[in-house]
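Student: Data: target_3.txt, compact mmCIF, N, CA and C atoms.
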# COMPACT_ATOMS: atom_id res chain seq x y z
N MET C 204 96.78 140.94 169.34
CA MET C 204 96.55 141.55 170.62
C MET C 204 95.32 142.44 170.52
N ARG C 205 94.37 142.26 171.39
CA ARG C 205 93.13 143.04 171.39
C ARG C 205 93.34 144.33 172.16
N PRO C 206 92.77 145.41 171.65
CA PRO C 206 92.87 146.66 172.41
C PRO C 206 92.06 146.57 173.68
N ARG C 207 92.54 147.25 174.70
CA ARG C 207 91.83 147.24 175.97
C ARG C 207 90.52 148.01 175.85
N ALA C 208 89.55 147.61 176.62
CA ALA C 208 88.25 148.27 176.60
C ALA C 208 88.40 149.72 177.05
N GLY C 209 87.71 150.61 176.36
CA GLY C 209 87.74 152.02 176.71
C GLY C 209 88.90 152.79 176.11
N ILE C 210 89.80 152.11 175.41
CA ILE C 210 90.95 152.77 174.78
C ILE C 210 90.66 152.87 173.29
N ILE C 211 90.72 154.06 172.79
CA ILE C 211 90.50 154.27 171.36
C ILE C 211 91.85 154.34 170.68
N ARG C 212 92.02 153.50 169.70
CA ARG C 212 93.29 153.46 168.96
C ARG C 212 93.22 154.47 167.83
N GLN C 213 94.19 155.35 167.77
CA GLN C 213 94.24 156.34 166.71
C GLN C 213 95.15 155.85 165.60
N ARG C 214 94.71 156.08 164.37
CA ARG C 214 95.54 155.72 163.23
C ARG C 214 96.60 156.78 163.01
N GLN C 215 97.72 156.33 162.57
CA GLN C 215 98.79 157.27 162.27
C GLN C 215 98.44 157.99 160.97
N ALA C 216 98.62 159.31 160.97
CA ALA C 216 98.30 160.10 159.78
C ALA C 216 99.26 159.75 158.66
N ARG C 217 98.70 159.61 157.47
CA ARG C 217 99.51 159.34 156.29
C ARG C 217 99.30 160.48 155.32
N TYR C 218 100.37 161.14 154.95
CA TYR C 218 100.25 162.25 154.02
C TYR C 218 100.02 161.71 152.63
N ARG C 219 99.12 162.34 151.94
CA ARG C 219 98.76 161.89 150.60
C ARG C 219 99.07 162.98 149.60
N ASN C 220 99.27 162.58 148.36
CA ASN C 220 99.48 163.54 147.30
C ASN C 220 98.69 163.11 146.07
N VAL C 221 98.89 163.80 144.97
CA VAL C 221 98.05 163.57 143.79
C VAL C 221 98.24 162.16 143.22
N THR C 222 99.37 161.51 143.48
CA THR C 222 99.56 160.16 142.97
C THR C 222 98.74 159.14 143.75
N ASP C 223 98.24 159.51 144.93
CA ASP C 223 97.43 158.60 145.73
C ASP C 223 95.95 158.64 145.37
N ILE C 224 95.57 159.48 144.42
CA ILE C 224 94.16 159.59 144.04
C ILE C 224 93.71 158.29 143.40
N ASP C 225 92.54 157.83 143.80
CA ASP C 225 91.98 156.60 143.27
C ASP C 225 91.55 156.83 141.82
N GLY C 226 92.25 156.21 140.90
CA GLY C 226 91.97 156.41 139.49
C GLY C 226 90.78 155.64 138.97
N ARG C 227 90.10 154.90 139.83
CA ARG C 227 88.94 154.12 139.37
C ARG C 227 87.68 154.96 139.30
N THR C 228 87.64 156.07 140.03
CA THR C 228 86.45 156.92 140.02
C THR C 228 86.58 157.97 138.93
N ARG C 229 85.46 158.48 138.48
CA ARG C 229 85.46 159.50 137.45
C ARG C 229 86.18 160.76 137.94
N SER C 230 85.92 161.16 139.18
CA SER C 230 86.56 162.34 139.74
C SER C 230 88.07 162.13 139.88
N GLY C 231 88.46 160.94 140.27
CA GLY C 231 89.88 160.64 140.40
C GLY C 231 90.60 160.69 139.07
N ARG C 232 89.98 160.12 138.04
CA ARG C 232 90.58 160.17 136.71
C ARG C 232 90.69 161.61 136.22
N ARG C 233 89.65 162.40 136.48
CA ARG C 233 89.65 163.80 136.05
C ARG C 233 90.75 164.59 136.77
N ALA C 234 90.91 164.36 138.06
CA ALA C 234 91.94 165.07 138.83
C ALA C 234 93.34 164.71 138.31
N ARG C 235 93.55 163.44 138.00
CA ARG C 235 94.85 163.03 137.46
C ARG C 235 95.10 163.65 136.10
N GLU C 236 94.07 163.69 135.26
CA GLU C 236 94.21 164.30 133.94
C GLU C 236 94.52 165.79 134.05
N LEU C 237 93.83 166.47 134.96
CA LEU C 237 94.11 167.89 135.18
C LEU C 237 95.54 168.09 135.67
N ALA C 238 96.00 167.22 136.57
CA ALA C 238 97.37 167.33 137.07
C ALA C 238 98.38 167.16 135.94
N ARG C 239 98.13 166.22 135.04
CA ARG C 239 99.02 166.03 133.90
C ARG C 239 99.02 167.27 133.00
N GLN C 240 97.83 167.86 132.77
CA GLN C 240 97.74 169.05 131.94
C GLN C 240 98.47 170.23 132.57
N PHE C 241 98.30 170.42 133.87
CA PHE C 241 98.97 171.52 134.55
C PHE C 241 100.49 171.34 134.51
N GLU C 242 100.94 170.10 134.71
CA GLU C 242 102.37 169.83 134.70
C GLU C 242 102.96 170.07 133.31
N ALA C 243 102.22 169.68 132.27
CA ALA C 243 102.68 169.93 130.91
C ALA C 243 102.71 171.42 130.60
N ALA C 244 101.73 172.15 131.12
CA ALA C 244 101.69 173.60 130.88
C ALA C 244 102.84 174.32 131.56
N ILE C 245 103.24 173.84 132.74
CA ILE C 245 104.39 174.44 133.42
C ILE C 245 105.66 174.10 132.68
N GLY C 246 105.78 172.85 132.23
CA GLY C 246 106.93 172.43 131.44
C GLY C 246 108.20 172.33 132.27
N GLY C 247 109.19 171.68 131.71
CA GLY C 247 110.48 171.55 132.37
C GLY C 247 110.41 170.68 133.61
N ASP C 248 111.40 170.84 134.46
CA ASP C 248 111.45 170.10 135.71
C ASP C 248 110.51 170.75 136.72
N VAL C 249 109.65 169.96 137.30
CA VAL C 249 108.69 170.46 138.28
C VAL C 249 109.26 170.21 139.67
N THR C 250 109.30 171.25 140.48
CA THR C 250 109.82 171.12 141.85
C THR C 250 108.76 170.48 142.73
N ASP C 251 109.16 170.11 143.94
CA ASP C 251 108.22 169.50 144.88
C ASP C 251 107.10 170.48 145.25
N ASN C 252 107.45 171.74 145.46
CA ASN C 252 106.42 172.73 145.77
C ASN C 252 105.44 172.91 144.63
N GLN C 253 105.95 172.91 143.40
CA GLN C 253 105.06 173.02 142.24
C GLN C 253 104.16 171.79 142.13
N ARG C 254 104.72 170.63 142.44
CA ARG C 254 103.93 169.40 142.37
C ARG C 254 102.79 169.43 143.39
N LEU C 255 103.06 169.96 144.59
CA LEU C 255 102.00 170.11 145.59
C LEU C 255 100.94 171.09 145.11
N ALA C 256 101.36 172.20 144.53
CA ALA C 256 100.41 173.19 144.02
C ALA C 256 99.60 172.62 142.87
N ILE C 257 100.22 171.82 142.03
CA ILE C 257 99.51 171.18 140.92
C ILE C 257 98.46 170.22 141.46
N GLY C 258 98.82 169.42 142.46
CA GLY C 258 97.85 168.49 143.05
C GLY C 258 96.67 169.22 143.67
N ARG C 259 96.95 170.32 144.37
CA ARG C 259 95.89 171.12 145.00
C ARG C 259 94.97 171.71 143.93
N ALA C 260 95.56 172.26 142.88
CA ALA C 260 94.76 172.87 141.82
C ALA C 260 93.93 171.81 141.09
N ALA C 261 94.51 170.66 140.86
CA ALA C 261 93.80 169.60 140.13
C ALA C 261 92.62 169.07 140.94
N THR C 262 92.83 168.81 142.22
CA THR C 262 91.73 168.27 143.03
C THR C 262 90.63 169.30 143.24
N LEU C 263 91.01 170.55 143.50
CA LEU C 263 89.99 171.57 143.69
C LEU C 263 89.20 171.82 142.40
N THR C 264 89.87 171.78 141.27
CA THR C 264 89.18 171.96 140.00
C THR C 264 88.24 170.80 139.72
N ALA C 265 88.68 169.58 140.01
CA ALA C 265 87.81 168.41 139.80
C ALA C 265 86.59 168.47 140.72
N ILE C 266 86.78 168.90 141.96
CA ILE C 266 85.65 169.03 142.90
C ILE C 266 84.69 170.11 142.41
N ALA C 267 85.24 171.24 141.95
CA ALA C 267 84.40 172.33 141.46
C ALA C 267 83.60 171.90 140.24
N GLU C 268 84.23 171.16 139.32
CA GLU C 268 83.52 170.67 138.14
C GLU C 268 82.40 169.71 138.54
N ASP C 269 82.70 168.83 139.50
CA ASP C 269 81.69 167.87 139.97
C ASP C 269 80.50 168.59 140.60
N ARG C 270 80.76 169.58 141.45
CA ARG C 270 79.67 170.34 142.08
C ARG C 270 78.84 171.07 141.04
N ARG C 271 79.50 171.67 140.06
CA ARG C 271 78.79 172.40 139.02
C ARG C 271 77.88 171.46 138.23
N MET C 272 78.39 170.29 137.86
CA MET C 272 77.59 169.34 137.09
C MET C 272 76.40 168.82 137.91
N ARG C 273 76.63 168.60 139.20
CA ARG C 273 75.52 168.17 140.06
C ARG C 273 74.45 169.24 140.15
N ALA C 274 74.86 170.50 140.26
CA ALA C 274 73.90 171.59 140.33
C ALA C 274 73.11 171.69 139.02
N LEU C 275 73.79 171.54 137.89
CA LEU C 275 73.11 171.62 136.60
C LEU C 275 72.19 170.43 136.37
N ALA C 276 72.50 169.30 136.99
CA ALA C 276 71.65 168.11 136.86
C ALA C 276 70.43 168.18 137.77
N GLY C 277 70.36 169.22 138.59
CA GLY C 277 69.20 169.39 139.45
C GLY C 277 69.35 168.79 140.83
N GLU C 278 70.52 168.29 141.15
CA GLU C 278 70.74 167.74 142.49
C GLU C 278 70.87 168.89 143.48
N PRO C 279 70.50 168.66 144.72
CA PRO C 279 70.60 169.74 145.71
C PRO C 279 72.07 170.04 146.07
N VAL C 280 72.51 171.22 145.67
CA VAL C 280 73.86 171.68 145.96
C VAL C 280 73.73 173.09 146.53
N LEU C 281 74.39 173.33 147.64
CA LEU C 281 74.35 174.66 148.22
C LEU C 281 75.14 175.61 147.33
N LEU C 282 74.49 176.68 146.92
CA LEU C 282 75.12 177.64 146.02
C LEU C 282 76.36 178.26 146.68
N ASP C 283 76.30 178.49 147.97
CA ASP C 283 77.44 179.06 148.68
C ASP C 283 78.65 178.13 148.60
N ASP C 284 78.44 176.83 148.76
CA ASP C 284 79.53 175.87 148.66
C ASP C 284 80.10 175.85 147.24
N LEU C 285 79.22 175.91 146.24
CA LEU C 285 79.66 175.90 144.86
C LEU C 285 80.53 177.12 144.56
N VAL C 286 80.08 178.28 144.99
CA VAL C 286 80.84 179.51 144.75
C VAL C 286 82.19 179.46 145.46
N ARG C 287 82.22 178.97 146.67
CA ARG C 287 83.48 178.90 147.41
C ARG C 287 84.48 177.96 146.76
N VAL C 288 84.01 176.78 146.38
CA VAL C 288 84.95 175.82 145.79
C VAL C 288 85.40 176.29 144.41
N GLU C 289 84.54 176.97 143.67
CA GLU C 289 84.93 177.54 142.38
C GLU C 289 86.02 178.60 142.58
N ARG C 290 85.85 179.46 143.57
CA ARG C 290 86.82 180.51 143.83
C ARG C 290 88.16 179.91 144.27
N LEU C 291 88.10 178.90 145.13
CA LEU C 291 89.33 178.25 145.58
C LEU C 291 90.06 177.57 144.42
N ALA C 292 89.29 176.94 143.53
CA ALA C 292 89.90 176.28 142.38
C ALA C 292 90.55 177.30 141.45
N MET C 293 89.86 178.41 141.20
CA MET C 293 90.43 179.45 140.34
C MET C 293 91.71 180.03 140.95
N GLN C 294 91.69 180.25 142.25
CA GLN C 294 92.87 180.80 142.92
C GLN C 294 94.03 179.80 142.88
N ALA C 295 93.74 178.52 143.06
CA ALA C 295 94.80 177.51 143.02
C ALA C 295 95.42 177.43 141.63
N VAL C 296 94.60 177.52 140.59
CA VAL C 296 95.13 177.50 139.23
C VAL C 296 95.92 178.77 138.96
N ARG C 297 95.43 179.90 139.43
CA ARG C 297 96.13 181.17 139.24
C ARG C 297 97.49 181.14 139.94
N ASN C 298 97.56 180.49 141.10
CA ASN C 298 98.82 180.41 141.84
C ASN C 298 99.88 179.58 141.11
N LEU C 299 99.46 178.75 140.16
CA LEU C 299 100.43 177.99 139.38
C LEU C 299 101.25 178.90 138.47
N GLY C 300 100.72 180.07 138.15
CA GLY C 300 101.44 181.03 137.32
C GLY C 300 101.51 180.63 135.87
N LEU C 301 100.50 179.96 135.36
CA LEU C 301 100.52 179.52 133.98
C LEU C 301 100.45 180.69 133.01
N ASP C 302 99.78 181.78 133.36
CA ASP C 302 99.68 182.93 132.47
C ASP C 302 101.03 183.62 132.29
N LYS C 303 101.87 183.55 133.29
CA LYS C 303 103.17 184.22 133.23
C LYS C 303 104.12 183.51 132.28
N ARG C 304 103.89 182.24 132.00
CA ARG C 304 104.81 181.46 131.20
C ARG C 304 104.50 181.52 129.70
N ARG C 305 103.50 182.24 129.30
CA ARG C 305 103.15 182.32 127.88
C ARG C 305 104.22 183.08 127.12
N GLU C 306 104.41 182.64 125.90
CA GLU C 306 105.35 183.33 125.02
C GLU C 306 104.68 184.61 124.53
N PRO C 307 105.43 185.68 124.39
CA PRO C 307 104.82 186.92 123.90
C PRO C 307 104.32 186.74 122.48
N SER C 308 103.15 187.31 122.19
CA SER C 308 102.54 187.12 120.88
C SER C 308 103.15 188.04 119.84
N GLY C 309 103.74 189.13 120.25
CA GLY C 309 104.33 190.07 119.31
C GLY C 309 105.75 190.40 119.70
N PRO C 310 106.33 191.37 119.00
CA PRO C 310 107.70 191.75 119.34
C PRO C 310 107.76 192.47 120.68
N THR C 311 108.93 192.39 121.30
CA THR C 311 109.13 193.12 122.54
C THR C 311 109.28 194.59 122.19
N LEU C 312 109.24 195.44 123.20
CA LEU C 312 109.39 196.87 122.98
C LEU C 312 110.74 197.18 122.34
N ARG C 313 111.78 196.49 122.79
CA ARG C 313 113.12 196.71 122.22
C ARG C 313 113.15 196.35 120.74
N GLU C 314 112.54 195.21 120.37
CA GLU C 314 112.51 194.80 118.96
C GLU C 314 111.70 195.78 118.12
N TYR C 315 110.59 196.24 118.67
CA TYR C 315 109.73 197.18 117.95
C TYR C 315 110.47 198.49 117.67
N LEU C 316 111.12 199.03 118.70
CA LEU C 316 111.85 200.29 118.54
C LEU C 316 113.02 200.13 117.59
N ALA C 317 113.71 199.00 117.65
CA ALA C 317 114.82 198.76 116.72
C ALA C 317 114.32 198.71 115.28
N ALA C 318 113.16 198.10 115.06
CA ALA C 318 112.58 198.05 113.72
C ALA C 318 112.20 199.44 113.25
N LYS C 319 111.65 200.26 114.12
CA LYS C 319 111.27 201.63 113.75
C LYS C 319 112.51 202.46 113.41
N VAL C 320 113.57 202.30 114.19
CA VAL C 320 114.82 203.02 113.89
C VAL C 320 115.36 202.56 112.56
N ALA C 321 115.33 201.28 112.27
CA ALA C 321 115.82 200.75 111.00
C ALA C 321 114.99 201.29 109.84
N GLU C 322 113.67 201.39 110.02
CA GLU C 322 112.81 201.96 108.97
C GLU C 322 113.14 203.42 108.73
N ALA C 323 113.38 204.16 109.81
CA ALA C 323 113.71 205.58 109.67
C ALA C 323 115.05 205.76 108.97
N ASP C 324 116.01 204.88 109.26
CA ASP C 324 117.33 204.98 108.61
C ASP C 324 117.23 204.66 107.14
N GLU C 325 116.38 203.71 106.76
CA GLU C 325 116.20 203.34 105.35
C GLU C 325 115.51 204.46 104.58
N GLY C 326 114.56 205.10 105.23
CA GLY C 326 113.79 206.17 104.59
C GLY C 326 114.58 207.46 104.44
N ALA C 327 115.62 207.62 105.22
CA ALA C 327 116.36 208.90 105.19
C ALA C 327 117.48 208.89 104.20
Have the structure of the file written as structure tokens, please.
Tutor:
Amino acid sequence: MRPRAGIIRQRQARYRNVTDIDGRTRSGRRARELARQFEAAIGGDVTDNQRLAIGRAATLTAIAEDRRMRALAGEPVLLDDLVRVERLAMQAVRNLGLDKRREPSGPTLREYLAAKVAEADEGA
């Protein structure tokens, strides 16, 4: 059936996520790799909201890396656009909360104080 003249047919919106990224392009492969790294860094079961945040962080980071490399290669890139996408990518990665999940490098305050009390008891 042909559309009537003067009628514009609108496509139905299809929601996409990180699994829909075209893996044949360099940027697509990079975004998927970043998503895998972010998911591994979060660890455990990833919720749907976390998966959306991971996809957002991965794509923004891949775009920021691409813009930076283009600028360094001498291609015309607006510095304002580069700074904005870099800031958005950093914020998206920060929102994943990866820094909060790190294991403490030293003893906790409770462990430290218990060790000091034990040392004082041994010395007395």
Student: Nearest to Leu263 of chain C: which of C:Leu275, C:Leu237, C:Ala292, C:Ile245 is it, counting only C-alpha atoms?
Tutor: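 Smallest separation from Leu263 of chain C among the options: C:Ala292.
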Student: Just the number, please: distance in Å from atom N of Glu242 of chain C to atom C of Arg229 of chain C, one decimal.
Tutor: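 That distance, rounded to one decimal, is 17.8 Å.
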Student: By how many Å are atom C of Ala260 of chain C and atom N of Ala276 of chain C apart?
Tutor: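 Computing the Euclidean distance for atom C of Ala260 of chain C and atom N of Ala276 of chain C yields 22.0 Å.
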Student: Using only N, CA and C atoms, which residue out of C:Val296, C:Ala318, C:Val286, C:Met272 lies closest to Ala256 of chain C?
Tutor: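 With only N, CA and C atoms as the atom set, the closest residue is C:Val296.
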Student: Counting only C-alpha atoms, find the residues whose atoms lie at most 6 Å from (90.5, 166.5, 139.5) (file coordinates) and write them out as a PyMOL selection string.
Tutor: chain C and resi 230-231+233-235+237+261-262+264-265
Student: What does the structure give for the distance between atom N of Leu281 of chain C and atom CA of Met293 of chain C, in Å to one decimal?
Tutor: 18.7 Å
Student: From a DSSP calculation on the backbone, collect every residue of segment 261-323 of chain C in alpha helix (DSSP H) and output the set as an NGL selection string.
Tutor: :C and (261-275 or 282-298 or 312-323)
Student: From the options C:Pro279, C:Asp284, C:Leu312, C:Phe241, which residue's atoms come nearest to Arg259 of chain C, counting only C-alpha atoms?
Tutor: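 Closest candidate: C:Phe241.
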Student: Which of these residues is nearest to Ala243 of chain C, using only C-alpha atoms: C:Arg273, C:Leu301, C:Arg287, C:Gly226?
Tutor: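 Going through C:Arg273, C:Leu301, C:Arg287, C:Gly226 one by one, the smallest distance to Ala243 of chain C is for C:Leu301.
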Student: Have a look at C:Ala323, C:Leu299, C:Ala274, C:Ala317 and name the one nearest to Leu255 of chain C; count only C-alpha atoms.
Tutor: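 The shortest atom-to-atom distance to Leu255 of chain C comes from C:Leu299.
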Student: Nearest residue to Ala295 of chain C out of C:Ala238, C:Ile257, C:Ala244, C:Leu316, using all atoms listed in the file?
Tutor: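 Checking each of C:Ala238, C:Ile257, C:Ala244, C:Leu316 against Ala295 of chain C, counting all atoms listed in the file, the winner is C:Ile257.
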